Every structure is written in structure tokens, then in C-alpha cells.
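The next block holds one structure in the form of C-alpha cells; read it before the comments.
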Amino acid sequence: MKESKVTYTDLLSVDFASLESAVADWEKIQSKLKTRAGEAENDMNRKARDAVWEGANAGAVRPFVRKIAEEVGDLRDEAESIHNLISGACKDLIGIQKKVKSEAARAKELDIHIKDNGDGTVTCEFPEGDTPVVAPHGEFYGGTGRNRTDKERKDRDEIEQRINSLIGEARTVDGTARYVRKAVGNSKYDAGHATYSSLDEAQSREAADLGKKELRLAAQGKELPTAELSRFRDLTKYNADDPEFATGFYRRMGAKNALRLHAQLGIDASTDGGDKRLKLSRSIQNSMDKSLALATQDGGGKSGDAKHLGSDWRDELKKAGKERIHLNDPRSPTWGKNALPQQTVLGYQALSNMLRHGKYDKEFLTEIGEDMVETERRSDRGAGGWPGLQGPGSDADLNLDPKGGRGFDPMVGLMKGLSNNPDAATDFFNGSTGGGSEDDAPKKMSNFDYFLGREKSSSEEAVQPRSWPLEGGEKADRQGKEAMGDALEAATTGRSPDSDEPPVKHSAEQARLFHDVVKRLGSAEADSMVEHGGEFAPLQGNMGSMAADYMPDIQRAVADDSSDNLPHNGANPNLDKIGGNAVNRFVRNAAQDPDGYAAITSACHAVSAEAIEHAIQNVPEGDTPKSVAATAMEPGARVVAQAAEGRADGIEAAEDRVGAAERYNESLEKKRELVGEVVDAGLGRLPYGSEAAGKIAEMVQEKIFEQYERDPEEVARQVSEERANFIADVRKQESQVMRRIAQSVGRDAGLSGTPLSEVMSRVSNLVSGKIQEDGSGQGAG
């Protein structure tokens with residue numbers, strides 16, 4: 001099939017009026033043919049069947065009439081297909097053209113020139129001087145982007161990327177028309193038998209045909225030609241958000257073929273594909289992931305509606321997940337005495353890599369995830385029982401995502417999928433596997449205990465945490481645990497890590513799970529596992545993010561404070577039932593990670609600001625503002641003290657202490673930039689988006705964190721030689737931050753003069769340690 005030649009200029013200049021007219025004409029044609037087909041079948045053919053035929057031509061006339069009726073019906077079907085396809089193409093192309101023109105208008109506003117490269121791409125450039133230099137034939141010269149801001153360059157690059165994507169989408173639609181013409185048939189005398197209800201159906205069928213062709217060629221030791229692989233990439237990429245395409249594609253492929261295709265693309269591209277095929281196959285894998293996620297969304301009914309996969313396909317998938325899939329190494333001869341054995345994996349290993357991208361149906365992901373875990377638990381070798389590639393092909397990868405590991409441990413992909421689907425993650429970690437009636441069924445165990453382990457108690461045996469098999473390097477072990485940390489964070493907070501979504505009120509299930517996380521990772525037994533270098537050290541950053549999201553509850557627990565100054569953000573995780581020591585260990589170990597430390601301190605500022613504001617505005621009779629402010633600040637003072645200990649631990653335990661100190665500075669700077677963006681956007685991503693928190697955000701934007709960003713070499717030296725002084729200095733710095741917070745909220749509460757100064761001094765002294773943390777008297781700093 002020839003490649004589409006649609007360009008940027010075509011999309012801007014083409015008038016779709018003639019195409020719209022053709023759509024209208026074909027609507028009339030298919031309507032008239034529908035009437036004629038009904039007449040041919042119900043009148044002519046029915047009468048021919050019912051008639052009593054005699055004579056020499058009796059045996060020939062009836063089949064002839066039937067053939068005519070069938071041909072008229074075929075013409076009706078073909079006309080209906082053509083109408084459906086050109087109608088869908090017209091609608092899509094007009095929508096694409098509208099978006100391209102919008103991007104062109106935006107570029108003009110920003111003084112950006114769009115150059116048509118003639119090959120289906122554009123280049124966006126700034127004029128070098130005040131006036132663009134344009135030759136008579138339209139060629140643009142200059143465009144270095146000199147003296148442009150980062151934001152201007154970012155806008156330019158985004159416009160270029162969006163236009164190129166829109167051109168690619170238009171080319172895909174154009175290419176489908178060529179495919180359909182061949183599929184429907186070119187004969188003038190015989191109507192084709194391929195019918196299409198929509199453009200999406202045609203594209204899903206074409207994509208499935210290419211997928212199956214790739215599998216046929218792989219079985220012969222060959223690969224899909226690069227041009228066809230590019231076409232496959234376009235079909236999946238530009239339809240990844242289309243439910244009809246997604247469902248049609250996966251129904252046509254079937255569960256096992258879909259798994260095999262995803263895995264075979266990884267084997268081919270990671271071994272002998274070259275950079276171009278690697279990029280194409282990686283894009284196809286990612287788009288297949290998103291399409292499968294979309295196709296699992298509930299459409300109603302046992303088997304789903306026309307746009308969604310149903311329970312029957314899910315059952316087929318679970319069966320295929322436990323079966324062996326044979327893959328072919330493109331470097332190996334397939335036939336003859338020198339043929340190498342096929343590589344073999346289980347279906348769930350391929351599926352796990354498909355779970356990495358997209359928004360999956362909660363029930364689907366939970367059910368499939370638990371079936372994957374139970375499959376692993378039934379193996380005598382547990383986590384080590386999943387097959388890996390052997391022989392000359394052992395360097396191949398199933399997963400092409402450069403940050404996601406090689407793809408042979410299915411729990412890595414499952415955890416990544418759960419981290420992108422918080423509701424499913426919450427259900428999964430609150431769920432369990434095992435306990436069936438089969439002889440080989442494992443004992444019932446919560447998924448939380450299976451992955452994080454369990455201490456021995458009077459009623460339960462100890463459980464060791466799940467091991468994470470290495471997939472060719474030490475990083476693979478860490479990748480799995482980091483993915484598990486992301487899944488736990490999503491499960492407890494209701495948001496994916498690094499999500500732009502606003503914070504949510506914690507549900508009872510999320511809060512209960514956070515209780516279990518703190519109880520497990522904050523226990524004395526787990527201390528050595530969570531601290532720097534321990535088995536769970538990769539979870540430290542996620543622990544910091546979780547602590548930030550539950551900061552009012554953290555502060556309540558460390559100070560045994562049940563006042564109204566620290567309201568719960570949704571359901572109560574009941575951290576007081578765990579004990580302050582466990583919560584302190586949890587915070588301290590989380591702060592050993594620079595990102596964890598930055599998350600904890602920034603959230604602590606926001607919550608402390610709200611607590612002080614509430615306390616000052618609700619001073620009990622007979623009490624004073626400075627007293628209630630100190631009481632409100634005490635929980636935050638305790639948390640930042642633990643975080644300071646964790647920061648010192650993290651630097652002290654690092655091989656490169658200066659580098660570790662620098663990473664803390666970098667994390668604080670990232671947090672400051674984030675909060676600055678939040679201020680500009682209206683507090684949408686702050687854990688606590690109140691008015692008080694917003695004012696703290698503004699102060700952060702004014703470089704409130706500068707006091708933390710100290711010379712890395714001096715910090716490393718002080719931590720090593722004068723740890724106590726380092727902690728004291730950190731608390732002193734924090735006291736100045738809290739002093740400014742107290743000043744801001746105190747003024748808003750109507751305080752001024754001596755009362756305000758007393759509040760500021762009391763808060764500052766408490767945080768720095770000049771006042772004992774129980775507030776009962778003076779203490780050494």
C-alpha cells in the first residue's frame with residue numbers, strides 16, 4: 001500500500017465541500033440500494049423460490065434469480081460501507097483541519113513561523129530579527145530562536161509537536177481509504193464482500209490484519225516490513241483513545257494472539273531491530289497498552305456493548321495468561337538442523353507489560369492482578385518461577401519502555417499499572433488471594449502481606465516480603481520495589497505519583513491501608529529494612545509523599561494531639577493506635593530520601609499554618625494567643641525534628657555525602673518550583689489548598705527554602721563531625737520559616753504589636769528547641 005502524501009499545506013488549503021457532497025450522494029445511493037435489495041429479496045427471489053418451475057430452464061432460472069438478489073444485496077452492503085467510511089473520514093479530516101488552523105493561529109500570535117517540510121512534518125521557527133525573512137517562493141530563513149525565553153521555546157516545540165501529530169492522524173485516515181478500496185474490491189462486475197460499519201471498524205480490522213501478519217512472519221523467522229510497521233504504528237497511535245477501534249482490534253486479535261504480538265514486538269525490536277524499528281515497536285506497545293485499558297471500561301451487560309470488551313474476553317485472557325507463549329528470535333534460523341528452540345514465556349508476563357499505560361477498569365485490573373499473584377503463589381518457586389529467555393536470545397526484552405525493566409517479572413508491570421489506576425490499587429492492596437478448595441491452592445493471604453511481609457504474632461505466622469528477581473542487573477530489583485512504592489502511594493492517596501490531579505478526601509479504604517503501611521514500615525522490626533541501604537529503601541520517597549498527604553494525621557500522632565486544629569482530610573487512619581514511635585520512625589526513614597524530605601517539610605508548613613490560624617482565631621477564654629499558637633505549632637515542630645534526623649541519616653549513610661547533600665538542595669528547589677506553579681494555577685496541586693496554605697505557597701515562591709539550601713561540602717562535613725550541631729542548625733532554620741508563617745497568619749487573625757511579636761517568638765523558640773517540646777519550661781537549645 002502506498003504511503004499517504006498529505007502535507008500541512010494540504011490540510012490548510014483543502015476544501016472539504018466536495019467530500020461532504022460525496023457523503024451526501026452516497027447516503028442517497030445506499031438508501032436507494034437498501035430499498036432495491038429489499039425488493040430483490042422479498043419480491044423477486046421469494047417468488048422465484050415459491051414458484052413451480054417446469055421445462056428445460058427450470059433448473060437454471062431459480063439460481064440465476066437468487067444470484068441477482070444476492071448481488072443487489074452485496075451492492076447495498078458495499079454502498080453502505082463506502083458511505084460509513086467516507087462519512088467518518090470526512091468528519092475526522094474536518095476536525096483535524098480545524099485543529100491545525102487553530103495551531104497556526106496560535107503560532108502567528110506568538111511570532112512563530114511554520115515551515116512545511118513536504119514530507120508530512122513541519123518545523124516551527126522564530127524569526128531571527130524583528131521581521132521574518134521569506135523568499136518569494138515561500139521558503140523561510142533564520143529561526144535560531146536567539147534571545148527567546150524558555151517558555152517561548154516550549155510553546156514553539158509544543159505547537160510543532162501537535163501539528164505533526166495532527167498531520168500523522170490525517171495521513172492515517174487517508175491511508176485507511178486506500179486499504180478499504182482494496183478490501184471492498186475493485187471489480188466493476190462483482191461487489192466486494194468486506195463490509196464496514198464505520199471508519200473505526202475499518203482501521204481496527206486493518207491493524208489486526210497487520211498484527212496477525214507480524215505473527216505469521218515471526219513464525220518463519222521474518223519480520224513485518226518497516227513500511228508496514230510504520231503503518232501499524234500510525235493506526236494504533238492515532239486511535240489509542242478511540243473505544244470502538246480498541247475493542248474491535250482486541251476482539252479480532254483474540255487474547256492470546258494479542259499477548260504474543262506485544263511480546264514478539266519486544267523480542268524483535270530489542271535484538272535485531274535497529275533504532276527506527278525500536279522506536280516504532282515501542283510506540284506500538286504503548287498504544288496497545290492504552291487501547292486495552294480503554295477497551296476494558298465497563299460497557300454494560302455480561303459481554304459488554306459494542307465499544308467494550310466483556311467478561312467472556314476477560315475469561316479468555318485469564319486462561320491465556322497461564323499458558324505458554326512461543327516467541328521467535330529474528331536472529332535465529334527457524335528451519336533445518338540448525339534451528340534454535342523457540343523462546344517461551346507465560347501469557348501473564350506479556351500482559352503485565354501491557355498494564356503499564358492507560359486507565360483500566362477497576363474491577364478488571366483488580367481481578368487480573370489477583371489472578372496473576374495467585375498464579376505466582378501456586379508455583380513451587382514463587383516469584384522465581386516465571387520463565388526467562390534462554391540461550392542466544394537471553395539478551396532480548398519483552399518490555400521496550402526504557403524505564404520499566406526487561407519485562408519478565410510480571411509483578412513490576414502490575415505494580416506500574418496499579419500506580420496509574422489508584423482505585424484499583426486501593427482495592428488490590430486491601431484484597432487477598434488463596435484459600436480455594438483445590439488441593440494445590442495456597443493459603444489465604446492479603447496482598448499487602450504478600451508484598452510487604454508480616455511480623456509474627458500470637459495468631460499469625462511471620463511472612464517474608466516478596467522477593468524481586470533480578471532481570472539482568474541490580475537496577476531491576478530496585479525498579480520493582482519503586483513500582484510497588486508508586487502503587488502503594490496511589491492506593492493510599494487516591495492519586496497517581498506526580499499527578500496533576502487535585503488532592504482527594506481519603507476514603508475509609510485508603511485510610512485503613514495507610515494505617516497498615518505506617519504500622520508495617522514504621523515498626524522496629526522493619527527499621528533496618530526501610531533505612532538507607534535496606535530492602536525497602538526504594539520506598540522512602542513514596543513514604544514521604546504519603547506522609548505529606550496525611551500530614552494532619554501524622555502531626556496528631558507524633559504529638560498525641562486530638563485538637564480541632566488538625567482536622568482529618570477525609571477518613572481517620574487511626575495512627576494513634578499504632579503509637580508515636582512508629583510514626584516517628586516512618587517520618588525519619590522517609591526523610592532519608594531527598595524527595596521524601598522535601599514533601600514532608602512543605603506539607604508540614606501548610607498544615608502548621610492552618611493549625612496556627614485556627615488556634616489564634618479560636619482562643620479559649622482565659623488563654624492567650626501565644627499559648628495556643630505554641631500548642632498548635634508543637635506537632636509540626638516534632639515532625640520537622642524527625643525529618644531533620646532523617647536528612648542527616650541519609651547524608652551520613654551515602655557513599656558520596658557531598659552528592660547526597662546536593663540532592664537535598666535539588667529536591668527542595670524542585671519543590672519550590674512546583675509550589676510556584678501551584679500558586680500561578682490556583683493551589684490545585686497542594687495537599688492542602690486552603691487560603692492559609694496558599695499564603696505559605698507564596699512565601700515559598702519568595703524563596704523561603706533558601707535557608708535550607710546550604711553548601712553541600714559544609715553540610716557533609718557537619719553531618720560527619722558535628723551531627724548534633726547540624727540538627728540544631730536545621731531546627732533553627734525551620735524556626736525562622738515557622739516564625740514567618742506565624743507572622744502571616746497572625747496578622748490575618750487581627751494580631752499586631754506585642755501580641756503578634758509574642759506569638760512569633762514563642763513559635764520560633766519552640767521549633768528551634770529553646771523551649772521544651774512539651775511546652776512546660778525552658779530548655780537548652
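Identifiers in the C-alpha cells: chain A, B, ... in order shown; residue index from 1 per chain; ligand index from 1 in order shown.
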Subject >> Members of segment 374-589 of chain A assigned alpha helix (DSSP H) by DSSP, as a PyMOL selection string >> reply: chain A and resi 374-378+410-419+422-429+447-452+474-493+508-521+527-530+540-549+551-559+580-589
Mind dumping the selected residues with C-alpha atoms as a compact mmCIF listing (two decimals), in the first residue's frame?
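File selection-v2.txt, as written:
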# COMPACT_ATOMS: atom_id res chain seq x y z
CA GLU A 374 -2.29 -16.42 42.77
CA THR A 375 -0.62 -17.94 39.70
CA GLU A 376 2.74 -16.94 41.15
CA ARG A 377 1.87 -18.29 44.60
CA ARG A 378 0.89 -21.66 43.15
CA PRO A 410 5.09 -9.67 35.79
CA MET A 411 4.70 -8.00 39.18
CA VAL A 412 6.73 -4.99 38.02
CA GLY A 413 4.26 -4.26 35.24
CA LEU A 414 1.30 -4.97 37.52
CA MET A 415 2.58 -2.51 40.12
CA LYS A 416 3.12 0.11 37.42
CA GLY A 417 -0.42 -0.45 36.19
CA LEU A 418 -1.83 -0.12 39.70
CA SER A 419 0.09 3.12 40.25
CA PRO A 422 -5.44 4.44 42.15
CA ASP A 423 -8.92 2.99 42.75
CA ALA A 424 -7.77 -0.42 41.56
CA ALA A 425 -4.60 -0.11 43.67
CA THR A 426 -6.67 0.55 46.80
CA ASP A 427 -8.86 -2.48 46.15
CA PHE A 428 -5.87 -4.66 45.30
CA PHE A 429 -3.84 -3.99 48.45
CA ASN A 447 -1.96 -8.91 49.02
CA PHE A 448 -0.45 -6.33 51.36
CA ASP A 449 1.21 -9.05 53.45
CA TYR A 450 2.37 -10.93 50.37
CA PHE A 451 4.32 -7.97 49.04
CA LEU A 452 5.45 -6.26 52.27
CA GLU A 474 20.84 -4.61 40.26
CA LYS A 475 18.59 -1.84 38.96
CA ALA A 476 15.88 -4.37 38.11
CA ASP A 477 15.43 -5.21 41.79
CA ARG A 478 15.07 -1.54 42.63
CA GLN A 479 12.70 -0.92 39.73
CA GLY A 480 10.26 -3.47 41.06
CA LYS A 481 10.29 -2.00 44.55
CA GLU A 482 9.97 1.53 43.23
CA ALA A 483 6.96 0.41 41.19
CA MET A 484 5.48 -1.15 44.34
CA GLY A 485 6.08 2.12 46.21
CA ASP A 486 4.25 4.05 43.48
CA ALA A 487 1.34 1.59 43.66
CA LEU A 488 1.12 1.94 47.45
CA GLU A 489 1.21 5.73 47.17
CA ALA A 490 -1.62 5.67 44.64
CA ALA A 491 -3.58 3.22 46.79
CA THR A 492 -3.36 5.38 49.94
CA THR A 493 -3.72 8.86 48.43
CA ALA A 508 -12.05 4.62 54.63
CA GLU A 509 -10.27 2.02 52.48
CA GLN A 510 -7.40 4.37 51.67
CA ALA A 511 -7.01 5.46 55.31
CA ARG A 512 -7.07 1.86 56.54
CA LEU A 513 -4.35 0.97 54.07
CA PHE A 514 -2.19 3.92 55.14
CA HIS A 515 -2.57 2.73 58.74
CA ASP A 516 -1.19 -0.65 57.65
CA VAL A 517 1.67 0.98 55.73
CA VAL A 518 2.80 3.04 58.73
CA LYS A 519 2.38 0.08 61.09
CA ARG A 520 4.49 -2.14 58.85
CA LEU A 521 7.18 0.27 57.65
CA ASP A 527 13.53 -0.22 60.70
CA SER A 528 16.65 -1.79 59.25
CA MET A 529 14.72 -2.76 56.10
CA VAL A 530 13.47 0.76 55.45
CA GLN A 540 11.39 6.15 51.05
CA GLY A 541 10.31 8.77 48.52
CA ASN A 542 6.81 7.32 48.35
CA MET A 543 6.66 7.21 52.14
CA GLY A 544 7.43 10.94 52.17
CA SER A 545 4.65 11.65 49.67
CA MET A 546 2.18 9.56 51.67
CA ALA A 547 3.19 11.33 54.89
CA ALA A 548 2.65 14.68 53.18
CA ASP A 549 -0.83 13.63 52.06
CA MET A 551 0.20 15.32 57.41
CA PRO A 552 -2.61 16.33 59.83
CA ASP A 553 -2.81 12.70 60.94
CA ILE A 554 0.98 12.44 61.17
CA GLN A 555 1.15 15.55 63.36
CA ARG A 556 -1.67 14.29 65.56
CA ALA A 557 0.13 11.01 66.14
CA VAL A 558 3.63 12.35 66.92
CA ALA A 559 2.28 14.90 69.43
CA GLY A 580 4.11 7.82 68.11
CA ASN A 581 7.37 5.88 67.98
CA ALA A 582 6.31 4.00 64.83
CA VAL A 583 5.15 7.22 63.20
CA ASN A 584 8.44 8.93 64.12
CA ARG A 585 10.42 6.09 62.54
CA PHE A 586 8.23 6.27 59.45
CA VAL A 587 8.88 10.02 59.06
CA ARG A 588 12.60 9.75 59.82
CA ASN A 589 13.18 6.97 57.32
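In this comparison, which uses only C-alpha atoms, the residue of A:Asp500, A:Asp595, A:Glu244, A:Asp380 approaching Ser291 of chain A most closely is A:Glu244.
You can rank A:Pro127, A:Thr366, A:Ala202, A:Gly753 by their closest distance to His113 of chain A using only C-alpha atoms, and at the top of that list sits A:Pro127.
Taking the backbone of this structure through DSSP, the residues of segment 193-399 of chain A that come out as strand (DSSP E or B) are Arg324, Ile325, His326, Leu327, Gln343, Thr344, Val345 and Leu346 of chain A.
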Which neighbours of Thr226 of chain A fall inside 10 Å, counting only C-alpha atoms, when residues of the same chain fewer than 3 positions from it are skipped, and could you give them as a PDB file with N, CA and C atoms, in the first residue's frame?
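Saved result, result.pdb, follows:
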ATOM      1  N   GLU A 223      10.278 -10.648   9.736  1.00  0.00           N
ATOM      2  CA  GLU A 223       9.661  -9.530  10.441  1.00  0.00           C
ATOM      3  C   GLU A 223       8.774  -8.742   9.499  1.00  0.00           C
ATOM      4  N   LEU A 229       5.230  -1.738   9.380  1.00  0.00           N
ATOM      5  CA  LEU A 229       5.342  -1.499  10.814  1.00  0.00           C
ATOM      6  C   LEU A 229       5.021  -0.039  11.131  1.00  0.00           C
ATOM      7  N   SER A 230       5.438   0.878  10.249  1.00  0.00           N
ATOM      8  CA  SER A 230       5.119   2.299  10.416  1.00  0.00           C
ATOM      9  C   SER A 230       3.611   2.519  10.318  1.00  0.00           C
ATOM     10  N   ARG A 231       2.989   1.836   9.372  1.00  0.00           N
ATOM     11  CA  ARG A 231       1.536   1.952   9.225  1.00  0.00           C
ATOM     12  C   ARG A 231       0.829   1.406  10.465  1.00  0.00           C
ATOM     13  N   PHE A 232       1.305   0.301  10.974  1.00  0.00           N
ATOM     14  CA  PHE A 232       0.755  -0.296  12.194  1.00  0.00           C
ATOM     15  C   PHE A 232       0.893   0.693  13.353  1.00  0.00           C
ATOM     16  N   GLY A 273      16.441  -5.002  15.704  1.00  0.00           N
ATOM     17  CA  GLY A 273      15.542  -4.086  15.006  1.00  0.00           C
ATOM     18  C   GLY A 273      16.164  -2.800  14.539  1.00  0.00           C
ATOM     19  N   LYS A 276      15.272   2.672  14.382  1.00  0.00           N
ATOM     20  CA  LYS A 276      13.966   3.026  13.841  1.00  0.00           C
ATOM     21  C   LYS A 276      12.903   2.020  14.241  1.00  0.00           C
ATOM     22  N   ARG A 277      13.198   0.734  14.086  1.00  0.00           N
ATOM     23  CA  ARG A 277      12.221  -0.295  14.449  1.00  0.00           C
ATOM     24  C   ARG A 277      11.990  -0.304  15.958  1.00  0.00           C
ATOM     25  N   LEU A 280       9.520   2.497  16.586  1.00  0.00           N
ATOM     26  CA  LEU A 280       8.202   2.126  16.086  1.00  0.00           C
ATOM     27  C   LEU A 280       7.534   1.095  16.994  1.00  0.00           C
TER      28      LEU A 280
END
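The two atoms in question, atom CA of Met253 of chain A and atom CA of Asp174 of chain A, are spaced 23.4 Å apart.
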Original post:
Which one is closest to Glu455 of chain A: A:Arg717, A:Arg740, A:Gly407, A:Ala524? Count only C-alpha atoms.
Top reply: A:Ala524
